[in-house]
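One structure is given here, and the rest of the page talks about it.
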Amino acid sequence: MSYTIALVGNPNSGKTTLFNALTGSNQHVGNWPGVTVERKEGQVQRGNQLYTIVDLPGTYSLGALSEDEVVAREFILTGHPDVVINVVDATNVERNLYLTTQLLEMGAKVVVALNMVDEAEDRQISVDEKALAQRLGAPVVPTVASRRKGLDQLMQAAADVIERPLNGVVRLSYGESIDAKLAELQEFLVKGDLTYPPGWLGVKLLEGDTYVRKIVRENASLQSSEEFGRLWDEIAAQEDDWQLEIVDRRYQFVSAITKDVVQRPGTAVQTATDQLDRVLTHRYLGLPIFAAIMFVVFQLTFAVGQDLLGDLMATGMGAFGSILERVLVNAGAPDWLIGFAGSGIIGGVGAVLEFIPLIVILYLLMGLLEDSGYMARAAYVMDNIMRAVGLQGKTFVSMIVGFGCNVPGVMATRTLESRKDRMIAVLINPFMSCGAKIPIYLVFIAAFFPSYGGLVLFSVYVLGILIAFLMGKVFSKTLFKGETSHFIMELPPYRLPTVGNVLRNMWDNVSGFLARAGTTIFAVVSLLWVLAVLPGGVEPYGPESILGRIGLVIAPIFGPAGFGNWQAAVGLFSGIAAKEAVVATLGMVYAGVEGGAELVGVIREVFTPLSAASFMVMTLLYTPCAATLGTIRKETGSAKWALFSALYTFAIAWVMAVLIFQIGRLFGLS
Amino acid sequence: MDYLPLISLHSGETCKIGRIVAGRSATKRLYEMGFNTGAQIQVLKNDRGPLIVALCGHKVALGRGLAQKMLVGKVR
Ligand SMILES: Nc1nc2c(ncn2[C@@H]2O[C@H](COP(=O)(O)OP(=O)(O)O)[C@@H](O)[C@H]2O)c(=O)[nH]1
């Protein structure tokens, strides 16, 4: 049998690092049922005992303010973990213990991992862990998660607590009047036969916890009691005062402990973080520095990910394609199978694999920025600009993630607390030009603007950002009015990034991508191929095929934008399935090849510089791919929003493309 | 003690949290992050964009709108 250990802690306490250090590569990522919060699990083998570690979301509290908090406390109360490891930042004990007190209120079996003791020492903060353990009634183990120190002792302490029955829960006092009310409540709640500990329910009721209120309100046996009804009304009248009083009492409990246990130097030690922040968050320098950093990130991504490794991958795929074809021919395989392997698999899935290096590099660099602590500063310096368009700084982080792929981009909006911010961030993310669109731009650049490649690509990205800002503004004035959201964000100290964290973060993003390439993208590419060769007897990828006929039907829509031919329409159509499929499809319908010089040649004949520009803008802005739409549906919890996103992006893209083409023509361009 | 909004403090000044008059959930979030009554904070930056304050030696960025609603008492 395996024991279950729940891992809880404040954001930035080093919880993820500890989880990775404990479980290594033995991890599994999923979702909590019904919500979009990520569920991470990992296994640890110690002796002949197996432990399952469940990484709960990082939170400051275990109330009902966010899905994260509810998920965490539900698991602690009803998931029956054998022990809860609470990661406490040794440099920030005064605030981290707030969460600990709530664990104690829940009656959880707690082991405290006092993390970052190395940093505490650097800052001359001393924590008496023996005294702390005694006051909390829970073992305290010092750790340095980033250097794997103290892990064994931590697991040992957890194992000991599992074996040993809980002795004497530490009780908090909330002051006379609240304590009395709690005792009164308790009598009823015990009779209510609820799945949660009655003591905890009582505290949460007085705190005005919406979630607990609902549970109690729906409990028939409680609500039938007249006496309870009276108590209920009394609570409702006073809960605003009690709520903050209870929070205050928890802090008093904490400060009574930390006063004796934590010693800080009289004057705060000047740290490298302060020096760095003076420059990186400077009122004038902050933004240019951020822009420069982003510029370097993209340069590196393109230089290494696209030009070097991507081309290598493409050559490899090409070689693999011809070998595969030879093998199939030699084996006497039917023509359709050879065709399918060539255009379907190599053309489609191959195109996906070719830009894996780009995504790898981009997410490695983003991981570095994240783990070093800079990403929080990026959100900080962007807040001003974002606020001007009705958004907030943190939204920009999800936008940057979208430059790799919009699927993780949309998922990154989870860090936004208010629904307004979150919905807008989700809806504008597709305007961030994802990695899969780059090959499309490159074909058109090669055909028409070979000497201005960098500038054109840059303009495309900037246009995407501007449209995102514009739509953000529009949405915040129309669909999601009101609820101005506040900006509260911790700026963690700068640290040298941990290799493991950076690699893990990259892998989480890239593996999701690979999984999609192997399933969704493979499926849609196969389907496209089938549409291109049916009905039997027609020229594959010709105007008579089903794909061609679809193209013929939709092509007139794009007439005003300057590319009203069926081939272009087919290319765009395939992009709704997956943007990776566009170049391969264009190649097949225009030139009977999967890309390369022939395609560029044909494009040069069929398009003009102006219609090329409008086609690129269309590509940039129009309907996101199926995988992104699926993610939007999941994250917003409604198919309606996914449909809305598909349609409104198309409308915007069409309008922009038409504007560019028509205005260009007015000026005599062609 | 006289309370004034946090936003009116200059960088380098230290104060104690008195009262927060923001919305219910924002107030609770601030409380739970450590901005509870009596907590001592130092303003590190207050020029453009969100303020940066130090709370127990850790930095937190607070939007200007929020800083307007946090009433504090100066400490010297
Ligand atoms: N010095 C030091 N840094 C640590 C320690 N544990 C984690 N870190 C670093 O702290 C940062 C935040 O850690 P992370 O695990 O992402 O925090 P989380 O938000 O709680 O998941 C990362 O840069 C880690 O490398 C530690 O014990 N000592």
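Ligands are numbered from 1 in the order shown, chains are lettered A, B, ... in the order of the structure tokens, and residues start at 1 in each chain.
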message: Would you mind listing, as a PyMOL selection string, all residues of chain B that have at least one atom within 6 Å of chain A, where only C-alpha atoms are what counts?
response: chain B and resi 34+49+59-63
Take the selection from the previous step and output its residues with C-alpha atoms, as a PDB file, in the first residue's frame.
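The resulting selection_9.pdb:
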```
ATOM      1  CA  GLY B  34       0.434  39.779   5.369  1.00  0.00           C
ATOM      2  CA  GLY B  49       3.233  52.314 -12.000  1.00  0.00           C
ATOM      3  CA  LYS B  59       8.905  42.748  -1.932  1.00  0.00           C
ATOM      4  CA  VAL B  60       5.333  43.091  -3.033  1.00  0.00           C
ATOM      5  CA  ALA B  61       4.034  45.200  -5.904  1.00  0.00           C
ATOM      6  CA  LEU B  62       0.718  46.944  -5.253  1.00  0.00           C
ATOM      7  CA  GLY B  63      -1.369  48.674  -7.894  1.00  0.00           C
TER       8      GLY B  63
END
```
message: Could you list, as a ChimeraX atom specification, all residues that come within 9 Å of ligand 1? Count only C-alpha atoms and all ligand atoms.
response: /A:8-20,57-59,87,89-90,114-120,142-149,368,370-373,492-502
query: Got a sec to tell me which of chain B DSSP assigns to strand (DSSP E), as a ChimeraX atom specification?
result: /B:4-5,14-20,40-45,51-55,58-62,70-75
- prompt: Contacts of Gly38 in chain B at 12 Å or less, counting only C-alpha atoms, minus same-chain residues fewer than 3 places along, as a list of chain:residue names?
  reply: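 What passes the distance filter is A:Asp248, A:Tyr251, A:Gln252, A:Ser255, B:Met1, B:Cys15, B:Lys16, B:Ile17, B:Gly18, B:Arg19, B:Ile20, B:Tyr31, B:Gly34, B:Phe35, B:Ile41, B:Leu55, B:Leu71, B:Val72, B:Gly73, B:Lys74, B:Val75.
Checking B:Lys28, B:Arg76, B:Lys69, B:Arg64 one by one against Leu51 in chain B, counting only C-alpha atoms, you find the shortest gap at B:Arg64.
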field: Residue among B:Gln40, B:Ser25, B:His58, B:Leu6 lying closest to Thr271 in chain A, counting only C-alpha atoms
entry: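 Using only C-alpha atoms, Thr271 in chain A sits closest to B:His58.
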statement: Here CA of Thr608 in chain A and CA of Gly435 in chain A stand apart by 24.8 Å
Residues flagged alpha helix (DSSP H) by DSSP in range 295-462 of chain A, as a ChimeraX atom specification: /A:295-300,311-330,335-339,350-354,356-372,374-388,393-404,406-411,419-428,438-448,453-462
List the spatial neighbours of Gly79 in chain A as a PDB file with C-alpha atoms, in the first residue's frame - criterion: any atom at most 12 Å away, only C-alpha atoms, same-chain residues fewer than 3 positions off excluded.
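Below is the file part.pdb, written as the result:
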```pdb
ATOM      1  CA  TYR A   3       0.883   6.426   1.641  1.00  0.00           C
ATOM      2  CA  THR A   4      -0.293   9.782   0.395  1.00  0.00           C
ATOM      3  CA  ILE A   5       1.572  12.985   1.201  1.00  0.00           C
ATOM      4  CA  ALA A   6       0.054  16.368   0.337  1.00  0.00           C
ATOM      5  CA  TRP A  32      -8.548  18.152 -10.694  1.00  0.00           C
ATOM      6  CA  VAL A  54       0.341  15.254  -4.375  1.00  0.00           C
ATOM      7  CA  LEU A  56      -1.343  21.111  -4.203  1.00  0.00           C
ATOM      8  CA  VAL A  71      -8.890  22.491  -4.472  1.00  0.00           C
ATOM      9  CA  ALA A  72      -6.102  22.473  -1.905  1.00  0.00           C
ATOM     10  CA  ARG A  73      -8.322  22.406   1.143  1.00  0.00           C
ATOM     11  CA  GLU A  74     -10.750  19.900  -0.336  1.00  0.00           C
ATOM     12  CA  PHE A  75      -7.904  17.493  -0.832  1.00  0.00           C
ATOM     13  CA  ILE A  76      -6.584  18.003   2.676  1.00  0.00           C
ATOM     14  CA  ASP A  82      -1.652  10.521   5.511  1.00  0.00           C
ATOM     15  CA  VAL A  83       0.435  13.597   6.187  1.00  0.00           C
ATOM     16  CA  VAL A  84       0.677  17.172   4.923  1.00  0.00           C
ATOM     17  CA  ALA A 108      -4.237  17.997   9.535  1.00  0.00           C
ATOM     18  CA  THR A 195     -18.128  15.185   5.885  1.00  0.00           C
ATOM     19  CA  TYR A 196     -15.963  17.999   7.234  1.00  0.00           C
TER      20      TYR A 196
END
```
query: Between CA of Asp55 in chain A and CA of Arg164 in chain A, what is the spacing in Å?
result: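 Spanning CA of Arg164 in chain A to CA of Asp55 in chain A is a straight-line distance of 23.0 Å.
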- request: Skip range 564-569 of chain A itself and residues of its chain fewer than 4 positions away, then list as a list in words all residues within 7 Å of it, counting only C-alpha atoms.
  value: Gly548, Gly551, Leu552, Ile554, Ala555, Pro556, Ile557, Phe558, Gly559, Phe573, Leu586, Val589 and Tyr590 of chain A
message: Rounded to one decimal, what separation in Å do you get between CA of Val21 in chain B and CA of Leu66 in chain B?
response: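 That distance, rounded to one decimal, is 9.0 Å.
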